[in-house]
Structure formats: C-alpha cells, structure tokens
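Chemist: First the structure, then my questions, so here it is.
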Amino acid sequence: MTGSTEALGRSAAVDYAARSVTRPFYVYAVLANSLFQRGVLVLFLYQRGFSAGQVALLQTLIYLVSGLAELPTGVIADRIGRRASIVIGQLLIAGCLPGQVSSSNYWVFLTLFMGQGVGMACVSGSDTALLYDLLVRRGATAGYVKIRSRFTMLGTVASGVAIVLGGQLQRISWGVVYLGSASCLVLAVVVLMSRVPEIRGADAVDEKDGAERVHIDTTAWRAMLRVATPALVTLVVVSGLMHATLTPYIIFTQKTLSDQGAGTALVSVVISAGFFVGGLVPLLSDRANRRIGYRIVIPVSLVTLAAALGLSGLGLVRVTIAVFLVLVGIPEITAVLVDNVFNEAVPSRHRASLLSMIAFVESVLIGTGYLVLGTLMDGLGSSVGMATYAAVPLLACLLWLPVLFRGARVTTETQESADPKAS
C-alpha cells in the first residue's frame, strides 16, 4: 500500500511539473498561430497580380531561406538560449507582415519573404527543444507525445479560428488582417518572456545522470554523426517529403477550390475547417503511438496524402472539399510521433542545433515542393497538377518500406542505453 501511495505521489508530482511547463506554452501556441492571413494568403497574392508560378517562387524562397538559416540559428539557440531564438524569430516575422500588406512590388515581397524565412528558422527547432528540455528538467518526458499533441491541437485550432476571422476581416481591409497577425505574434513573445524560463544547450539536462552519463560531443556536427543511423536519416527524408506534400497541398488547395468554382468566403471556411480537423486529430497521437507505432503510421499517412491529391485532381469541388476535410488531419498524427522520435534521438546539449539540421532538410524539401507543385499547376491546371504531385508521397512511402520491414534502429545503442524510451 505504501509503495502504491508513493507511486501515486510521484505521478501527481510529475503531472504538476508538466502542467507548470505546458500552460504558458499552450497560451503561446494559440497566439503564435493566430495568423489571420494564412487561409487567404494565396488569394491575397493573386489579387496583387502575381501568377501561380510567382506565388510558388515566394513560398519556395521562404522555405529555402529558412532551411539555409536553420543551421546557424540552431547553433545560436543552443549558445544564447532557445527562448531568445524564438523571440527574435517571432519579432522578425511580425515586422515583415506590415510590409507585405503595404506593397505590391514583387521584389519587395521577395525580400520580406526572405526575412520571414529567417524568422521561421529562429523558431523552428527552438520551440520543441525548449519544451522537451523543460520536461526533461522536471522528469516529465514520458508525457511528451500527449503534451505535444495538445500543443499542436491548440495551435492548429487557433489557426482555424484565425482563418475564419481573416476571411471576415478582409472585408474591412487587408491591413487589418496583417496587422492583427503581427499583434498576436508580439503578444506571444510577451507570454514567452514572462512565463517560460530560458534553457541553453550548455545545461545538457539529459546528459547529467552520474554513472550512466553518455558521451558528450563538443560540437553539433560530431553529435550529428554519432546519432545519424541509416534509419534516422531515412526518417528525416521521409518526414521531409511528407511535409513537402502536406504544406503545399494545404496552401494550393485554395487555388484548386477557386478554380473549381468555390468563392473566397467558401475557400476560407473550408481551409479553416481543415485546420480544425488537423488540430483535433493529433489528440489521437498518444493512442496511435501506443497501439500502432510511428513505423506503421508513416506509410498510412503517405498513402492518405497521395489519395487526397489524386481525388482532388478529379476537378469536382465537392470531392476536393470532402477529401481535404477527411484526410488532411491524418499526417498531423505522424508529425507528432516523428517529432518525439527526433527529440529522443538527440542529446540536450545540441538539441536545437540538431533539430535545426533536420528542419533544414524539411525546409529545402518543402520549398522545392512548392516550386514543383506550382509549376505543375501552371502547366497542367490546378486539378491535374494536384493529381500528378501524388507521386511525391508515394516515393516517400517506397523509401520507408525497407526500414519498416527490416525493423532497423532509428536511435543509436548509446542513446538507447541512456534513454529506455527511445525506439
């Protein structure tokens, strides 16, 4: 009885520690994702007179710049602090948004999108590294998948609400839409600065366990070489291809729906509903992780994406809406599970740097995906272009099958001995 009581007491203490970390992060997630222009961004750019190819180039540029900036910003986050990197990134993005709405010059847009890409790189890797290491510090990493799924859910639902509001605010002016987004990012920074403590890579909280202390690499590059098993490298590429499918698919669905006869108001509602679905479905991540595992969920998500793109190519607006709403949330489960694997696979000392390296690959693939899909839609039409792009998730599925059937290790034996949860 005493042992059970002590176990319950430890569990309650861990839950309390986790809540103390997650509450401000949840508020931050809501504010940081309240971007009112997201659901009508493509329509805004078309109204500025840009072609599908030019829009694709802007989206490609933002992700390529973000990818190139991932490595230095990851190192900076480990050196000066993860929270500081997030703050710099969000303020940079907030500063670019008013410039976008006040100009119609394509070269100005290129410059501002590059600045926004650097801001995204500052945030990418640093946010999950900060959250994970705060949980490590409080001994609550066992609940990371559940916490991360809630974090994703709140952010995605906030995006959905913001998209609906953005469609309505646009009736007033585009300025209200963009300035509202910038204001929310500034408020997110205020919450982060006032409620979330700073953590640097030097804290190395998951490497200070006495007799079981693992080898500490002096640089992020050495750490990367140590953790880069073939299965982990494959996972990075496959995850990147999944995001390179999902992200352009969500954005260019706006164009596809418009070409298939949907009005601006309906487009904003559909995209918003998609974000709601994409926000709620990740709540199933913890159950999927325990019952199925990421190895199986990955190919299911990729085949789902291929089906969504293929059915969108039929040119029927109702079918496009239906598959978008039904299928768009499933890859979000995979994203949460893969994020957990990545965090387990890397040491705290270089966590932000290594996650930024992973994000670099994903950003380059996403940027390339935008360019390829935009080109396909320009050349073949929006519907046929969507259907043709289904080859990308099918390719990713083929790359993953050897890892799935061989049961290859994603983490190194050293890390598995240090962290029994790693898989």
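Chain labels follow the order of the structure tokens: the first chain is A, the next B, and so on; residue numbering restarts at 1 in every chain, and ligands are counted from 1 in their shown order.
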Pull the alpha helix (DSSP H) assignments for stretch 1-171 of chain A out of DSSP run on the backbone, and list those residues as a PyMOL selection string.
Modeler: chain A and resi 2-32+41-47+52-80+82-101+106-123+126-137+144-169
Chemist: Just the residues within 10 Å of A:Thr388, please, counting only C-alpha atoms, with nothing from its chain fewer than 2 positions along; format it as a VMD selection string.
Modeler: chain A and resid 306 309 to 310 313 373 376 to 377 380 383 to 386 390 to 392
Chemist: Kindly indicate which residue among A:Leu154, A:Cys397, A:Val326, A:Ala77 lies nearest to A:Pro282, using only C-alpha atoms for the distances.
Modeler: A:Leu154
Chemist: What lies within 8 Å of A:Cys184 using only C-alpha atoms, ignoring chain neighbours under 4 positions off, as a ChimeraX atom specification?
Modeler: /A:31-32,34-35,180,188
Chemist: Could you check the closest approach to A:Leu41 for each of A:Gln168, A:Thr22, A:Ser159, A:Gln254 and tell me which residue wins, using only C-alpha atoms?
Modeler: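 Smallest distance to A:Leu41 is found for A:Gln254.
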Chemist: Give me, as a JSON list (two decimals) with all heavy atoms, in the first residue's frame, all polymer residues having an atom no more than 10 Å from A:Val267, counting only C-alpha atoms and skipping those fewer than 5 positions away in the same chain.
Modeler:
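Below is the file that was written, result_28.json:
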```json
[["chain", "number", "residue", "atom", "x", "y", "z"],
["A", 39, "GLY", "N", -5.18, 31.57, -44.27],
["A", 39, "GLY", "CA", -6.17, 30.90, -45.11],
["A", 39, "GLY", "C", -6.48, 31.62, -46.41],
["A", 39, "GLY", "O", -7.10, 31.02, -47.31],
["A", 40, "VAL", "N", -6.08, 32.88, -46.52],
["A", 40, "VAL", "CA", -6.38, 33.63, -47.75],
["A", 40, "VAL", "C", -5.12, 34.24, -48.35],
["A", 40, "VAL", "O", -5.18, 35.14, -49.17],
["A", 40, "VAL", "CB", -7.41, 34.76, -47.44],
["A", 40, "VAL", "CG1", -8.78, 34.17, -47.18],
["A", 40, "VAL", "CG2", -6.97, 35.62, -46.26],
["A", 43, "LEU", "N", -4.89, 33.89, -52.15],
["A", 43, "LEU", "CA", -5.84, 34.81, -52.79],
["A", 43, "LEU", "C", -5.34, 36.25, -52.72],
["A", 43, "LEU", "O", -5.49, 37.03, -53.66],
["A", 43, "LEU", "CB", -7.20, 34.69, -52.12],
["A", 43, "LEU", "CG", -7.84, 33.29, -52.14],
["A", 43, "LEU", "CD1", -9.21, 33.32, -51.48],
["A", 43, "LEU", "CD2", -7.95, 32.77, -53.57],
["A", 164, "VAL", "N", -10.89, 31.79, -40.25],
["A", 164, "VAL", "CA", -12.27, 32.24, -40.38],
["A", 164, "VAL", "C", -12.37, 33.74, -40.16],
["A", 164, "VAL", "O", -13.00, 34.48, -40.92],
["A", 164, "VAL", "CB", -13.18, 31.50, -39.39],
["A", 164, "VAL", "CG1", -14.58, 32.11, -39.39],
["A", 164, "VAL", "CG2", -13.27, 30.02, -39.75],
["A", 167, "GLY", "N", -10.96, 35.74, -43.10],
["A", 167, "GLY", "CA", -11.87, 35.91, -44.22],
["A", 167, "GLY", "C", -12.88, 37.01, -44.00],
["A", 167, "GLY", "O", -13.29, 37.70, -44.94],
["A", 253, "THR", "N", -4.54, 24.23, -52.15],
["A", 253, "THR", "CA", -5.95, 23.84, -52.19],
["A", 253, "THR", "C", -6.82, 25.09, -52.35],
["A", 253, "THR", "O", -7.91, 25.04, -52.94],
["A", 253, "THR", "CB", -6.35, 23.05, -50.93],
["A", 253, "THR", "OG1", -5.67, 21.80, -50.95],
["A", 253, "THR", "CG2", -7.85, 22.78, -50.88],
["A", 254, "GLN", "N", -6.35, 26.23, -51.82],
["A", 254, "GLN", "CA", -7.08, 27.49, -52.01],
["A", 254, "GLN", "C", -7.26, 27.77, -53.50],
["A", 254, "GLN", "O", -8.36, 28.10, -53.95],
["A", 254, "GLN", "CB", -6.30, 28.63, -51.35],
["A", 254, "GLN", "CG", -6.08, 28.47, -49.85],
["A", 254, "GLN", "CD", -5.15, 29.54, -49.30],
["A", 254, "GLN", "OE1", -5.21, 30.70, -49.70],
["A", 254, "GLN", "NE2", -4.29, 29.16, -48.38],
["A", 255, "LYS", "N", -6.18, 27.64, -54.26],
["A", 255, "LYS", "CA", -6.23, 27.88, -55.70],
["A", 255, "LYS", "C", -7.09, 26.83, -56.40],
["A", 255, "LYS", "O", -7.89, 27.14, -57.29],
["A", 255, "LYS", "CB", -4.80, 27.87, -56.25],
["A", 255, "LYS", "CG", -4.68, 27.87, -57.77],
["A", 255, "LYS", "CD", -5.22, 29.14, -58.40],
["A", 255, "LYS", "CE", -4.89, 29.17, -59.89],
["A", 255, "LYS", "NZ", -5.56, 30.30, -60.58],
["A", 256, "THR", "N", -6.94, 25.56, -55.99],
["A", 256, "THR", "CA", -7.70, 24.49, -56.62],
["A", 256, "THR", "C", -9.19, 24.69, -56.43],
["A", 256, "THR", "O", -9.99, 24.56, -57.37],
["A", 256, "THR", "CB", -7.27, 23.12, -56.04],
["A", 256, "THR", "OG1", -5.87, 22.96, -56.22],
["A", 256, "THR", "CG2", -8.00, 21.98, -56.73],
["A", 257, "LEU", "N", -9.59, 25.00, -55.20],
["A", 257, "LEU", "CA", -11.01, 25.23, -54.92],
["A", 257, "LEU", "C", -11.54, 26.43, -55.71],
["A", 257, "LEU", "O", -12.66, 26.40, -56.24],
["A", 257, "LEU", "CB", -11.22, 25.44, -53.43],
["A", 257, "LEU", "CG", -11.05, 24.21, -52.54],
["A", 257, "LEU", "CD1", -11.12, 24.60, -51.06],
["A", 257, "LEU", "CD2", -12.12, 23.17, -52.84],
["A", 258, "SER", "N", -10.74, 27.48, -55.78],
["A", 258, "SER", "CA", -11.16, 28.67, -56.51],
["A", 258, "SER", "C", -11.35, 28.35, -58.00],
["A", 258, "SER", "O", -12.34, 28.76, -58.61],
["A", 258, "SER", "CB", -10.11, 29.78, -56.34],
["A", 258, "SER", "OG", -10.48, 30.93, -57.06],
["A", 261, "GLY", "N", -14.55, 26.55, -58.81],
["A", 261, "GLY", "CA", -15.80, 27.29, -58.68],
["A", 261, "GLY", "C", -16.16, 27.77, -57.29],
["A", 261, "GLY", "O", -17.21, 28.40, -57.11],
["A", 262, "ALA", "N", -15.33, 27.52, -56.30],
["A", 262, "ALA", "CA", -15.63, 27.97, -54.94],
["A", 262, "ALA", "C", -15.28, 29.45, -54.79],
["A", 262, "ALA", "O", -14.25, 29.91, -55.30],
["A", 262, "ALA", "CB", -14.86, 27.15, -53.92],
["A", 272, "SER", "N", -10.28, 26.73, -43.08],
["A", 272, "SER", "CA", -10.42, 26.83, -41.62],
["A", 272, "SER", "C", -10.88, 25.51, -41.03],
["A", 272, "SER", "O", -10.33, 25.03, -40.04],
["A", 272, "SER", "CB", -11.42, 27.92, -41.27],
["A", 272, "SER", "OG", -11.70, 27.92, -39.88],
["A", 273, "ALA", "N", -11.88, 24.89, -41.65],
["A", 273, "ALA", "CA", -12.36, 23.60, -41.18],
["A", 273, "ALA", "C", -11.25, 22.55, -41.24],
["A", 273, "ALA", "O", -11.14, 21.69, -40.35],
["A", 273, "ALA", "CB", -13.56, 23.16, -42.00],
["A", 321, "ILE", "N", -13.31, 19.21, -51.52],
["A", 321, "ILE", "CA", -13.60, 19.64, -50.15],
["A", 321, "ILE", "C", -13.68, 18.44, -49.22],
["A", 321, "ILE", "O", -13.11, 18.45, -48.12],
["A", 321, "ILE", "CB", -14.93, 20.43, -50.11],
["A", 321, "ILE", "CG1", -14.76, 21.77, -50.83],
["A", 321, "ILE", "CG2", -15.37, 20.67, -48.66],
["A", 321, "ILE", "CD1", -16.05, 22.56, -50.98]]
```
Chemist: Between A:Leu337, A:Val238, A:Val30, A:Ala56, which is the closest to A:Leu284 once you count only C-alpha atoms?
Modeler: A:Leu337
